[in-house]
file model_1.tsv (TSV, C-alpha atoms (C1' of nucleotides))
chain	number	residue	atom	x	y	z
A	327	MET	CA	-4.30	-1.45	-3.21
A	328	LEU	CA	-6.90	-3.80	-4.51
A	329	ASN	CA	-9.80	-3.56	-2.10
A	330	ARG	CA	-8.26	-1.71	0.77
A	331	GLU	CA	-10.48	-3.53	3.22
A	332	TYR	CA	-9.46	-6.54	5.22
A	333	ASP	CA	-12.84	-7.59	6.64
A	334	GLN	CA	-11.44	-8.56	10.00
A	335	VAL	CA	-12.87	-7.95	13.44
A	336	CYS	CA	-9.65	-6.43	14.73
A	337	SER	CA	-8.67	-2.91	15.63
A	338	ILE	CA	-5.28	-3.30	14.00
A	339	ALA	CA	-6.88	-4.38	10.73
A	340	ARG	CA	-9.37	-1.52	10.93
A	341	THR	CA	-6.64	0.99	11.59
A	342	LEU	CA	-4.76	-0.33	8.59
A	343	GLU	CA	-7.83	0.08	6.41
A	344	VAL	CA	-7.43	3.79	7.07
A	345	LEU	CA	-3.64	4.12	7.24
A	346	GLY	CA	-2.41	1.13	5.28
A	347	GLU	CA	-2.33	2.42	1.73
A	348	ARG	CA	0.95	3.41	0.22
A	349	TRP	CA	2.02	6.97	1.16
A	350	THR	CA	-0.70	7.56	3.75
A	351	ILE	CA	1.51	7.36	6.82
A	352	LEU	CA	4.21	9.46	5.18
A	353	VAL	CA	1.65	12.15	4.43
A	354	ILE	CA	0.74	12.17	8.11
A	355	ARG	CA	4.42	12.28	9.05
A	356	ASP	CA	4.87	15.35	6.85
A	357	VAL	CA	1.95	17.12	8.50
A	358	PHE	CA	3.42	16.25	11.91
A	359	ASN	CA	6.61	17.90	10.66
A	360	GLY	CA	4.82	21.11	9.76
A	361	LYS	CA	4.36	20.55	6.04
A	362	ARG	CA	0.78	21.56	5.48
A	363	ARG	CA	0.38	22.44	1.81
A	364	PHE	CA	-0.25	20.24	-1.18
A	365	ASP	CA	2.80	21.21	-3.21
A	366	GLN	CA	5.07	21.11	-0.18
A	367	ILE	CA	4.08	17.55	0.64
A	368	GLN	CA	4.10	16.49	-2.98
A	369	GLU	CA	7.60	17.79	-3.55
A	370	ASN	CA	8.93	16.34	-0.32
A	371	LEU	CA	7.53	12.86	-0.92
A	372	GLY	CA	7.73	12.64	-4.69
A	373	VAL	CA	4.29	11.03	-4.64
A	374	ALA	CA	2.10	11.26	-7.75
A	375	ARG	CA	-0.23	14.24	-7.49
A	376	ASN	CA	-3.42	12.29	-8.09
A	377	VAL	CA	-2.44	9.84	-5.36
A	378	LEU	CA	-1.66	12.64	-2.90
A	379	SER	CA	-4.97	14.28	-3.73
A	380	ASN	CA	-6.71	10.98	-3.05
A	381	ARG	CA	-4.88	10.38	0.25
A	382	LEU	CA	-5.51	13.86	1.60
A	383	ALA	CA	-9.22	13.61	0.77
A	384	ARG	CA	-9.45	10.25	2.52
A	385	LEU	CA	-7.61	11.49	5.61
A	386	VAL	CA	-9.96	14.47	5.85
A	387	GLU	CA	-12.95	12.21	5.41
A	388	GLU	CA	-11.67	9.92	8.16
A	389	GLY	CA	-11.23	12.84	10.54
A	390	ILE	CA	-7.46	12.61	10.76
A	391	LEU	CA	-6.72	15.81	8.87
A	392	GLU	CA	-8.65	19.04	8.66
A	393	LYS	CA	-8.58	21.25	5.57
A	394	ARG	CA	-8.49	24.98	6.23
A	395	ALA	CA	-8.38	27.84	3.74
A	396	TYR	CA	-5.53	30.19	4.59
A	397	GLN	CA	-6.61	32.56	1.84
A	398	GLU	CA	-9.48	33.00	-0.56
A	399	ARG	CA	-9.23	34.37	-4.08
A	400	PRO	CA	-7.56	32.24	-5.13
A	401	ALA	CA	-8.62	29.57	-2.64
A	402	ARG	CA	-5.58	28.01	-1.00
A	403	TYR	CA	-5.58	25.33	1.64
A	404	GLU	CA	-3.58	23.88	4.48
A	405	TYR	CA	-4.00	20.56	6.20
A	406	PHE	CA	-3.86	20.22	9.98
A	407	LEU	CA	-3.98	17.23	12.25
A	408	THR	CA	-7.17	16.85	14.23
A	409	ARG	CA	-7.20	15.48	17.76
A	410	GLN	CA	-7.72	12.05	16.22
A	411	GLY	CA	-4.70	12.60	13.97
A	412	LEU	CA	-2.52	13.82	16.82
A	413	ASP	CA	-3.39	10.64	18.68
A	414	LEU	CA	-1.45	8.72	16.06
A	415	TRP	CA	1.73	10.11	17.59
A	416	PRO	CA	2.59	6.95	19.56
A	417	VAL	CA	2.36	4.92	16.35
A	418	MET	CA	4.68	7.32	14.53
A	419	ILE	CA	7.13	7.25	17.43
A	420	GLY	CA	7.04	3.46	17.41
A	421	LEU	CA	7.76	3.23	13.69
A	422	LEU	CA	10.53	5.82	13.96
A	423	HIS	CA	12.30	4.11	16.84
A	424	TRP	CA	12.13	0.69	15.26
A	425	GLY	CA	13.63	2.09	12.06
A	426	ASP	CA	16.29	3.92	14.06
A	427	ARG	CA	17.23	0.72	15.79
A	428	TYR	CA	17.24	-1.69	12.88
A	429	LEU	CA	17.48	0.25	9.64
A	430	ALA	CA	19.28	3.54	10.28
A	431	GLU	CA	22.58	4.81	8.94
A	432	PRO	CA	25.82	3.94	10.66
A	433	ASP	CA	25.92	7.62	11.69
A	434	GLY	CA	22.74	7.31	13.68
A	435	PRO	CA	19.16	8.49	13.21
A	436	PRO	CA	18.48	11.29	10.72
A	437	MET	CA	15.76	12.78	12.91
A	438	LEU	CA	15.40	13.13	16.67
A	439	ILE	CA	12.33	13.79	18.75
A	440	ARG	CA	12.79	15.85	21.89
A	441	HIS	CA	10.73	17.02	24.81
A	442	LYS	CA	9.97	20.73	24.47
A	443	ALA	CA	9.98	21.35	28.20
A	444	CYS	CA	13.34	19.81	29.11
A	445	GLY	CA	15.06	18.96	25.82
A	446	GLY	CA	15.32	15.26	26.66
A	447	ALA	CA	15.12	12.60	23.95
A	448	VAL	CA	11.81	10.80	23.51
A	449	ASP	CA	11.94	7.01	23.87
A	450	ASP	CA	10.09	4.37	21.88
A	451	ARG	CA	7.01	4.66	24.11
A	452	GLY	CA	6.78	8.43	23.89
A	453	TYR	CA	8.25	9.08	27.33
A	454	CYS	CA	10.95	11.65	27.95
A	455	GLU	CA	14.25	9.92	28.72
A	456	ARG	CA	15.43	12.84	30.81
A	457	CYS	CA	12.49	13.80	32.99
A	458	GLY	CA	10.38	10.67	32.59
A	459	GLU	CA	7.23	12.51	31.62
A	460	ARG	CA	4.64	10.80	29.44
A	461	LEU	CA	4.40	12.95	26.33
A	462	THR	CA	1.92	13.68	23.58
A	463	ALA	CA	2.46	15.14	20.12
A	464	ARG	CA	2.14	18.69	21.46
A	465	ASP	CA	4.94	18.18	23.98
A	466	ALA	CA	7.62	17.28	21.47
A	467	PHE	CA	9.59	18.78	18.61
A	468	THR	CA	11.73	17.36	15.82
A	469	GLU	CA	15.32	18.17	14.97
A	470	TYR	CA	18.08	16.81	12.75
A	471	GLY	CA	20.02	13.89	14.14
A	472	PRO	CA	23.59	12.73	13.51
A	473	GLY	CA	22.51	10.78	10.42
A	474	ALA	CA	20.95	13.82	8.73
A	475	PRO	CA	22.37	14.43	5.23
A	476	ALA	CA	24.48	17.56	4.78
A	477	GLU	CA	21.98	19.08	2.32
A	478	TRP	CA	19.40	19.38	5.07
A	479	HIS	CA	21.65	21.70	7.01
A	480	ALA	CA	22.56	23.62	3.87
A	481	ALA	CA	18.92	24.31	2.95
A	482	ALA	CA	17.93	27.38	4.94
B	743	MET	CA	2.77	-1.96	-4.35
B	744	LEU	CA	4.56	-0.45	-7.25
B	745	ASN	CA	8.13	0.09	-6.14
B	746	ARG	CA	7.86	-0.51	-2.46
B	747	GLU	CA	10.64	1.95	-1.80
B	748	TYR	CA	10.18	5.54	-0.81
B	749	ASP	CA	13.75	6.82	-1.15
B	750	GLN	CA	13.56	9.01	1.90
B	751	VAL	CA	16.15	9.57	4.58
B	752	CYS	CA	13.71	8.85	7.39
B	753	SER	CA	13.35	5.96	9.76
B	754	ILE	CA	9.58	5.96	9.41
B	755	ALA	CA	9.86	5.68	5.63
B	756	ARG	CA	12.45	2.92	5.96
B	757	THR	CA	10.31	1.00	8.40
B	758	LEU	CA	7.41	1.29	5.99
B	759	GLU	CA	9.54	-0.09	3.17
B	760	VAL	CA	9.65	-3.28	5.22
B	761	LEU	CA	6.18	-3.26	6.81
B	762	GLY	CA	4.16	-1.09	4.47
B	763	GLU	CA	2.95	-3.56	1.89
B	764	ARG	CA	-0.59	-4.82	2.08
B	765	TRP	CA	-1.04	-7.70	4.58
B	766	THR	CA	2.45	-7.51	6.07
B	767	ILE	CA	1.45	-6.08	9.43
B	768	LEU	CA	-1.51	-8.43	9.71
B	769	VAL	CA	0.80	-11.38	9.13
B	770	ILE	CA	2.94	-10.15	12.00
B	771	ARG	CA	-0.15	-9.67	14.15
B	772	ASP	CA	-1.14	-13.28	13.52
B	773	VAL	CA	2.28	-14.53	14.54
B	774	PHE	CA	2.06	-12.39	17.70
B	775	ASN	CA	-1.25	-14.15	18.34
B	776	GLY	CA	0.32	-17.58	18.08
B	777	LYS	CA	-0.60	-18.43	14.51
B	778	ARG	CA	2.62	-19.82	13.13
B	779	ARG	CA	1.74	-21.96	10.13
B	780	PHE	CA	1.12	-21.05	6.52
B	781	ASP	CA	-2.39	-22.46	6.20
B	782	GLN	CA	-3.44	-21.13	9.58
B	783	ILE	CA	-2.45	-17.58	8.65
B	784	GLN	CA	-3.81	-17.90	5.15
B	785	GLU	CA	-7.20	-19.06	6.35
B	786	ASN	CA	-7.39	-16.49	9.09
B	787	LEU	CA	-6.53	-13.55	6.84
B	788	GLY	CA	-8.04	-14.67	3.56
B	789	VAL	CA	-4.92	-13.40	1.83
B	790	ALA	CA	-3.95	-14.87	-1.54
B	791	ARG	CA	-1.49	-17.74	-1.07
B	792	ASN	CA	1.15	-16.35	-3.41
B	793	VAL	CA	1.04	-13.02	-1.59
B	794	LEU	CA	1.35	-14.69	1.81
B	795	SER	CA	4.26	-16.73	0.54
B	796	ASN	CA	5.91	-13.55	-0.68
B	797	ARG	CA	5.32	-11.69	2.60
B	798	LEU	CA	6.61	-14.49	4.78
B	799	ALA	CA	9.77	-14.81	2.68
B	800	ARG	CA	10.38	-11.08	2.90
B	801	LEU	CA	9.82	-10.99	6.66
B	802	VAL	CA	12.30	-13.84	7.12
B	803	GLU	CA	14.78	-12.08	4.87
B	804	GLU	CA	14.41	-8.88	6.88
B	805	GLY	CA	15.03	-10.71	10.13
B	806	ILE	CA	11.56	-10.16	11.57
B	807	LEU	CA	10.42	-13.77	11.34
B	808	GLU	CA	12.37	-16.98	11.65
B	809	LYS	CA	11.35	-20.15	9.79
B	810	ARG	CA	11.75	-23.38	11.72
B	811	ALA	CA	10.94	-26.93	10.64
B	812	TYR	CA	8.74	-28.61	13.23
B	813	GLN	CA	8.92	-31.89	11.33
B	814	GLU	CA	10.75	-33.35	8.38
B	815	ARG	CA	9.36	-35.86	5.91
B	816	PRO	CA	7.28	-34.12	4.86
B	817	ALA	CA	8.99	-30.84	5.66
B	818	ARG	CA	6.64	-28.58	7.60
B	819	TYR	CA	7.43	-25.15	8.91
B	820	GLU	CA	6.48	-22.65	11.56
B	821	TYR	CA	7.26	-18.97	11.70
B	822	PHE	CA	8.42	-17.28	14.89
B	823	LEU	CA	9.14	-13.68	15.74
B	824	THR	CA	12.79	-12.86	16.20
B	825	ARG	CA	13.97	-10.32	18.75
B	826	GLN	CA	13.69	-7.72	15.99
B	827	GLY	CA	10.13	-8.82	15.31
B	828	LEU	CA	9.16	-8.79	18.97
B	829	ASP	CA	10.42	-5.22	19.14
B	830	LEU	CA	7.55	-4.24	16.86
B	831	TRP	CA	5.22	-4.77	19.80
B	832	PRO	CA	4.89	-1.06	20.68
B	833	VAL	CA	3.85	-0.34	17.09
B	834	MET	CA	1.20	-3.07	17.19
B	835	ILE	CA	-0.07	-1.81	20.52
B	836	GLY	CA	-0.25	1.70	19.12
B	837	LEU	CA	-2.25	0.64	16.07
B	838	LEU	CA	-4.55	-1.49	18.21
B	839	HIS	CA	-5.31	1.25	20.71
B	840	TRP	CA	-5.95	3.87	18.07
B	841	GLY	CA	-8.37	1.51	16.33
B	842	ASP	CA	-10.03	0.71	19.64
B	843	ARG	CA	-10.52	4.38	20.34
B	844	TYR	CA	-11.71	5.58	16.94
B	845	LEU	CA	-12.94	2.63	14.92
B	846	ALA	CA	-14.18	-0.07	17.28
B	847	GLU	CA	-17.66	-1.49	17.72
B	848	PRO	CA	-20.16	0.14	20.06
B	849	ASP	CA	-19.64	-2.91	22.31
B	850	GLY	CA	-15.97	-2.13	22.79
B	851	PRO	CA	-12.72	-3.65	21.57
B	852	PRO	CA	-12.78	-7.19	20.16
B	853	MET	CA	-9.38	-7.98	21.65
B	854	LEU	CA	-7.70	-6.97	24.90
B	855	ILE	CA	-4.05	-7.06	25.84
B	856	ARG	CA	-3.25	-7.82	29.48
B	857	HIS	CA	-0.21	-7.99	31.69
B	858	LYS	CA	0.63	-11.62	32.46
B	859	ALA	CA	1.96	-10.87	35.92
B	860	CYS	CA	-0.95	-8.88	37.33
B	861	GLY	CA	-3.77	-9.14	34.78
B	862	GLY	CA	-3.95	-5.39	34.26
B	863	ALA	CA	-4.90	-3.89	30.90
B	864	VAL	CA	-2.08	-2.61	28.70
B	865	ASP	CA	-2.33	1.06	27.71
B	866	ASP	CA	-1.49	2.68	24.39
B	867	ARG	CA	2.19	3.00	25.34
B	868	GLY	CA	2.59	-0.61	26.43
B	869	TYR	CA	2.46	0.12	30.13
B	870	CYS	CA	0.32	-1.86	32.55
B	871	GLU	CA	-2.59	0.25	33.74
B	872	ARG	CA	-2.79	-1.64	37.02
B	873	CYS	CA	0.80	-1.95	38.23
B	874	GLY	CA	2.43	0.67	36.02
B	875	GLU	CA	5.15	-1.61	34.74
B	876	ARG	CA	6.69	-0.97	31.33
B	877	LEU	CA	5.97	-4.11	29.32
B	878	THR	CA	7.38	-5.93	26.33
B	879	ALA	CA	5.75	-8.50	24.05
B	880	ARG	CA	6.76	-11.34	26.38
B	881	ASP	CA	4.99	-9.78	29.37
B	882	ALA	CA	1.55	-9.64	27.80
B	883	PHE	CA	-1.20	-11.93	26.56
B	884	THR	CA	-4.27	-11.46	24.40
B	885	GLU	CA	-7.87	-12.29	25.22
B	886	TYR	CA	-11.32	-11.64	23.78
B	887	GLY	CA	-12.85	-8.27	24.60
B	888	PRO	CA	-16.47	-7.17	24.90
B	889	GLY	CA	-16.66	-6.53	21.14
B	890	ALA	CA	-15.61	-10.08	20.24
B	891	PRO	CA	-18.13	-11.78	17.92
B	892	ALA	CA	-20.06	-14.71	19.37
B	893	GLU	CA	-18.49	-17.19	16.91
B	894	TRP	CA	-15.09	-16.65	18.50
B	895	HIS	CA	-16.37	-17.97	21.80
B	896	ALA	CA	-18.22	-20.82	20.08
B	897	ALA	CA	-15.11	-22.02	18.21
B	898	ALA	CA	-13.33	-24.30	20.65
C	309	DA	C1'	-6.29	-46.71	-4.78
C	310	DT	C1'	-8.34	-42.61	-3.38
C	311	DC	C1'	-8.58	-38.79	-0.39
C	312	DA	C1'	-6.81	-35.32	2.92
C	313	DT	C1'	-3.12	-32.22	4.73
C	314	DC	C1'	0.55	-28.95	4.39
C	315	DG	C1'	3.27	-25.51	2.18
C	316	DG	C1'	3.76	-23.74	-1.28
C	317	DT	C1'	4.12	-22.28	-7.08
C	318	DT	C1'	2.01	-21.06	-11.57
C	319	DG	C1'	-0.94	-18.55	-14.75
C	320	DC	C1'	-4.00	-15.15	-15.74
C	321	DG	C1'	-6.96	-10.89	-15.25
C	322	DT	C1'	-7.82	-6.31	-13.12
C	323	DG	C1'	-7.37	-2.14	-10.69
C	324	DA	C1'	-4.18	0.85	-7.77
C	325	DC	C1'	-0.50	3.37	-8.61
C	326	DG	C1'	3.18	6.32	-11.42
C	327	DA	C1'	4.12	9.92	-14.76
C	328	DA	C1'	3.02	13.69	-17.26
C	329	DA	C1'	-0.07	16.77	-19.28
C	330	DC	C1'	-3.65	19.84	-18.46
C	331	DC	C1'	-6.71	23.28	-15.97
C	332	DG	C1'	-8.75	27.46	-13.55
C	333	DA	C1'	-8.09	31.32	-10.66
C	334	DT	C1'	-5.01	34.77	-9.44
C	335	DG	C1'	-0.76	37.66	-9.10
C	336	DT	C1'	3.57	39.63	-11.38
C	337	DG	C1'	6.66	41.65	-14.94
C	338	DC	C1'	7.10	44.47	-18.76
D	715	DG	C1'	-2.31	43.50	-22.86
D	716	DC	C1'	0.09	39.35	-22.87
D	717	DA	C1'	3.34	36.00	-21.15
D	718	DC	C1'	4.74	33.57	-17.19
D	719	DA	C1'	4.60	31.81	-12.35
D	720	DT	C1'	2.07	29.77	-8.33
D	721	DC	C1'	-1.16	26.78	-6.11
D	722	DG	C1'	-4.15	22.95	-5.77
D	723	DG	C1'	-5.66	20.05	-7.92
D	724	DT	C1'	-7.98	16.59	-12.29
D	725	DT	C1'	-7.41	13.74	-16.48
D	726	DT	C1'	-5.34	10.34	-19.27
D	727	DC	C1'	-2.91	6.41	-20.02
D	728	DG	C1'	0.37	2.50	-19.20
D	729	DT	C1'	2.11	-1.10	-16.04
D	730	DC	C1'	2.83	-3.91	-12.25
D	731	DA	C1'	1.21	-5.73	-7.56
D	732	DC	C1'	-2.36	-8.10	-6.08
D	733	DG	C1'	-6.67	-11.49	-6.12
D	734	DC	C1'	-8.20	-15.89	-7.52
D	735	DA	C1'	-8.07	-20.51	-8.74
D	736	DA	C1'	-5.66	-24.37	-10.26
D	737	DC	C1'	-1.91	-27.22	-9.69
D	738	DC	C1'	2.01	-29.76	-7.37
D	739	DG	C1'	4.97	-32.98	-4.41
D	740	DA	C1'	5.57	-35.45	-0.26
D	741	DT	C1'	3.28	-37.95	3.13
D	742	DG	C1'	-0.34	-40.18	6.09
D	743	DA	C1'	-5.11	-41.99	6.65
D	744	DT	C1'	-9.12	-45.07	5.01

call {"tool": "encode", "arguments": {"input": "model_1.tsv", "output": "structure tokens"}}
result
Amino acid sequence: MLNREYDQVCSIARTLEVLGERWTILVIRDVFNGKRRFDQIQENLGVARNVLSNRLARLVEEGILEKRAYQERPARYEYFLTRQGLDLWPVMIGLLHWGDRYLAEPDGPPMLIRHKACGGAVDDRGYCERCGERLTARDAFTEYGPGAPAEWHAAA
Amino acid sequence: MLNREYDQVCSIARTLEVLGERWTILVIRDVFNGKRRFDQIQENLGVARNVLSNRLARLVEEGILEKRAYQERPARYEYFLTRQGLDLWPVMIGLLHWGDRYLAEPDGPPMLIRHKACGGAVDDRGYCERCGERLTARDAFTEYGPGAPAEWHAAA
DNA sequence: ATCATCGGTTGCGTGACGAAACCGATGTGC
DNA sequence: GCACATCGGTTTCGTCACGCAACCGATGAT
């Protein structure tokens, strides 16, 4: 993106200066889904390695991801969401629900978000449809939906 | 964006194939804020005219905006959000609130979203903080916040 | 007759991105 | 002792999306 800045006094514009580059939000989605390692994310997204490297560095710099060594010799890293990153959950839920509603398969959504405590589906505002609780990232889990491709189930 | 597609079975990825190009979300923000004409949006964003033209055409094609002539001879157009476009409101609210929390001025947010009916502030899930009602785009209005630059007030 | 407004389109240059090769540190098989 | 695999990148190079400025057609204003 030529000049990723927008130079606008607007919180949406400023958020997009951080999240708006190609791949960035999908990297965050992958980390939300428990993919924490470089090769894992790279293979899942099919993003160019230099671009992924760039995006991860930027997200760490912006305080959205945190890089932790899970072993030394050789040094190997995992990326975790910080508090600030976890707070992007409502945005991710919003994007997911809009896509489910307007762009999904005839079969239905490929992924579903559910409330850990009661198993209810999460609505487009991040509330549990069953018990009505207002949820955060920590309160929910992801599972395959009716539109999930068969290969996903096949892969152990 | 080289190849705006991501080729992923994921509603977030599919949503981003529509919204993820540079400027697209800011164009939608402007229309939410009542800017409906080409030159108005172009001047406000500082986006290149060919790019704006491209984005508007795509958004119409995707069913997010609707192009209406407000006069003929010479033909002049305005862009409106469709139902599908208005349903992006929770996403916009999410982006705005995250930016307010993590990237805003020391003074506070430049823009505030309020509930038309009771004047309460809108929270990060699109609920009214005063009366607790679950809101949609139609229920809310925008006003300057404490972080709004002085010029905004000056401009009639 | 000239200028302004609106909603674009055209032409050209550059830098973000894509693809693939490479790299360093370590472990594994034989 | 040497090849090969794994992980987390970096380097190199080509191309296409974007930025910028000029232009355009229809009309109204001075």

call {"tool": "interface_residues", "arguments": {"input": "model_1.tsv", "of": "chain A", "to": "chain B", "cutoff": "8 Å", "atoms": "all atoms listed in the file", "output": "compact mmCIF listing (two decimals) with C-alpha atoms, in the frame of the given file"}}
result
# COMPACT_ATOMS: atom_id res chain seq x y z
CA MET A 327 -4.30 -1.45 -3.21
CA TYR A 332 -9.46 -6.54 5.22
CA GLN A 334 -11.44 -8.56 10.00
CA VAL A 335 -12.87 -7.95 13.44
CA CYS A 336 -9.65 -6.43 14.73
CA SER A 337 -8.67 -2.91 15.63
CA ILE A 338 -5.28 -3.30 14.00
CA ALA A 339 -6.88 -4.38 10.73
CA ARG A 340 -9.37 -1.52 10.93
CA THR A 341 -6.64 0.99 11.59
CA LEU A 342 -4.76 -0.33 8.59
CA GLY A 346 -2.41 1.13 5.28
CA GLU A 347 -2.33 2.42 1.73
CA ARG A 348 0.95 3.41 0.22
CA LEU A 352 4.21 9.46 5.18
CA LEU A 371 7.53 12.86 -0.92
CA GLN A 410 -7.72 12.05 16.22
CA ASP A 413 -3.39 10.64 18.68
CA LEU A 414 -1.45 8.72 16.06
CA PRO A 416 2.59 6.95 19.56
CA VAL A 417 2.36 4.92 16.35
CA MET A 418 4.68 7.32 14.53
CA GLY A 420 7.04 3.46 17.41
CA LEU A 421 7.76 3.23 13.69
CA LEU A 422 10.53 5.82 13.96
CA HIS A 423 12.30 4.11 16.84
CA TRP A 424 12.13 0.69 15.26
CA GLY A 425 13.63 2.09 12.06
CA ASP A 426 16.29 3.92 14.06
CA TYR A 428 17.24 -1.69 12.88
CA LEU A 429 17.48 0.25 9.64
CA ALA A 430 19.28 3.54 10.28
CA PRO A 435 19.16 8.49 13.21
CA PRO A 436 18.48 11.29 10.72
CA MET A 437 15.76 12.78 12.91
CA ASP A 450 10.09 4.37 21.88
CA ARG A 451 7.01 4.66 24.11
CA GLY A 452 6.78 8.43 23.89
CA ALA A 474 20.95 13.82 8.73
CA PRO A 475 22.37 14.43 5.23

call {"tool": "atom_distance", "arguments": {"input": "model_1.tsv", "atom1": "atom CA of B:Tyr821", "atom2": "atom CA of B:Ile770"}}
result
9.8 Å

call {"tool": "closest_atom_pairs", "arguments": {"input": "model_1.tsv", "of": "chain A", "to": "chain D", "cutoff": "9 Å", "atoms": "only C-alpha atoms (C1' of nucleotides)", "output": "CSV"}}
result
residue,atom,partner,partner_atom,distance
A:Met327,CA,D:DC732,C1',7.5
A:Leu328,CA,D:DC732,C1',6.4
A:Arg363,CA,D:DG722,C1',8.8
A:Phe364,CA,D:DG722,C1',6.6
A:Asp365,CA,D:DC721,C1',7.4
A:Arg375,CA,D:DG723,C1',8.0
A:Asn376,CA,D:DT724,C1',7.5
A:Ser379,CA,D:DG723,C1',7.2
A:Pro400,CA,D:DC721,C1',8.5
A:Ala401,CA,D:DG722,C1',8.6
A:Arg402,CA,D:DC721,C1',6.9
A:Tyr403,CA,D:DG722,C1',7.9

call {"tool": "write_last_selection", "arguments": {"input": "model_1.tsv", "atoms": "C-alpha atoms", "output": "mmCIF file, keeping the file's coordinate frame"}}
result
data_model
loop_
_atom_site.group_PDB
_atom_site.id
_atom_site.type_symbol
_atom_site.label_atom_id
_atom_site.label_comp_id
_atom_site.auth_asym_id
_atom_site.auth_seq_id
_atom_site.Cartn_x
_atom_site.Cartn_y
_atom_site.Cartn_z
ATOM 1 C CA MET A 327 -4.300 -1.450 -3.210
ATOM 2 C CA LEU A 328 -6.900 -3.800 -4.510
ATOM 3 C CA ARG A 363 0.380 22.440 1.810
ATOM 4 C CA PHE A 364 -0.250 20.240 -1.180
ATOM 5 C CA ASP A 365 2.800 21.210 -3.210
ATOM 6 C CA ARG A 375 -0.230 14.240 -7.490
ATOM 7 C CA ASN A 376 -3.420 12.290 -8.090
ATOM 8 C CA SER A 379 -4.970 14.280 -3.730
ATOM 9 C CA PRO A 400 -7.560 32.240 -5.130
ATOM 10 C CA ALA A 401 -8.620 29.570 -2.640
ATOM 11 C CA ARG A 402 -5.580 28.010 -1.000
ATOM 12 C CA TYR A 403 -5.580 25.330 1.640
#

call {"tool": "closest_residue", "arguments": {"input": "model_1.tsv", "among": "C:DC325, C:DC338, C:DC331, C:DA312", "to": "chain B", "atoms": "only C-alpha atoms (C1' of nucleotides)"}}
result
C:DC325

call {"tool": "closest_atom_pairs", "arguments": {"input": "model_1.tsv", "of": "chain C", "to": "chain A", "cutoff": "6 Å", "atoms": "only C-alpha atoms (C1' of nucleotides)", "output": "JSON lines"}}
result
{"residue": "C:DA324", "atom": "C1'", "partner": "A:Met327", "partner_atom": "CA", "distance": 5.1}
{"residue": "C:DA333", "atom": "C1'", "partner": "A:Pro400", "partner_atom": "CA", "distance": 5.6}
{"residue": "C:DT334", "atom": "C1'", "partner": "A:Pro400", "partner_atom": "CA", "distance": 5.6}

call {"tool": "write_last_selection", "arguments": {"input": "model_1.tsv", "atoms": "C-alpha atoms (C1' of nucleotides)", "output": "PDB file, keeping the file's coordinate frame"}}
result
ATOM      1  C1'  DA C 324      -4.180   0.850  -7.770  1.00  0.00           C
ATOM      2  C1'  DA C 333      -8.090  31.320 -10.660  1.00  0.00           C
ATOM      3  C1'  DT C 334      -5.010  34.770  -9.440  1.00  0.00           C
TER       4       DT C 334
END

call {"tool": "decode", "arguments": {"input": "model_1.tsv", "residues": "stretch 847-858 of chain B", "atoms": "N, CA and C atoms", "output": "PDB file, in the first residue's frame"}}
result
ATOM      1  N   GLU B 847      -6.321  10.940  20.330  1.00  0.00           N
ATOM      2  CA  GLU B 847      -5.660  12.091  20.940  1.00  0.00           C
ATOM      3  C   GLU B 847      -5.713  12.005  22.463  1.00  0.00           C
ATOM      4  N   PRO B 848      -4.840  12.768  23.125  1.00  0.00           N
ATOM      5  CA  PRO B 848      -4.979  12.909  24.579  1.00  0.00           C
ATOM      6  C   PRO B 848      -6.328  13.555  24.960  1.00  0.00           C
ATOM      7  N   ASP B 849      -6.822  14.439  24.102  1.00  0.00           N
ATOM      8  CA  ASP B 849      -8.082  15.143  24.380  1.00  0.00           C
ATOM      9  C   ASP B 849      -9.291  14.220  24.408  1.00  0.00           C
ATOM     10  N   GLY B 850      -9.189  13.107  23.707  1.00  0.00           N
ATOM     11  CA  GLY B 850     -10.339  12.209  23.595  1.00  0.00           C
ATOM     12  C   GLY B 850     -10.717  12.049  22.135  1.00  0.00           C
ATOM     13  N   PRO B 851     -11.774  11.287  21.886  1.00  0.00           N
ATOM     14  CA  PRO B 851     -12.173  10.978  20.514  1.00  0.00           C
ATOM     15  C   PRO B 851     -12.619  12.210  19.739  1.00  0.00           C
ATOM     16  N   PRO B 852     -12.263  12.277  18.452  1.00  0.00           N
ATOM     17  CA  PRO B 852     -12.699  13.401  17.615  1.00  0.00           C
ATOM     18  C   PRO B 852     -14.180  13.319  17.235  1.00  0.00           C
ATOM     19  N   MET B 853     -14.712  12.110  17.211  1.00  0.00           N
ATOM     20  CA  MET B 853     -16.119  11.955  16.849  1.00  0.00           C
ATOM     21  C   MET B 853     -16.820  11.101  17.900  1.00  0.00           C
ATOM     22  N   LEU B 854     -18.077  11.389  18.130  1.00  0.00           N
ATOM     23  CA  LEU B 854     -18.887  10.600  19.055  1.00  0.00           C
ATOM     24  C   LEU B 854     -20.141  10.116  18.342  1.00  0.00           C
ATOM     25  N   ILE B 855     -20.564   8.922  18.699  1.00  0.00           N
ATOM     26  CA  ILE B 855     -21.803   8.380  18.156  1.00  0.00           C
ATOM     27  C   ILE B 855     -22.821   8.365  19.287  1.00  0.00           C
ATOM     28  N   ARG B 856     -24.009   8.882  19.026  1.00  0.00           N
ATOM     29  CA  ARG B 856     -25.034   8.965  20.068  1.00  0.00           C
ATOM     30  C   ARG B 856     -26.357   8.390  19.590  1.00  0.00           C
ATOM     31  N   HIS B 857     -27.130   7.961  20.568  1.00  0.00           N
ATOM     32  CA  HIS B 857     -28.455   7.415  20.318  1.00  0.00           C
ATOM     33  C   HIS B 857     -29.421   8.575  20.060  1.00  0.00           C
ATOM     34  N   LYS B 858     -30.089   8.548  18.918  1.00  0.00           N
ATOM     35  CA  LYS B 858     -31.016   9.633  18.578  1.00  0.00           C
ATOM     36  C   LYS B 858     -32.101   9.785  19.634  1.00  0.00           C
TER      37      LYS B 858
END
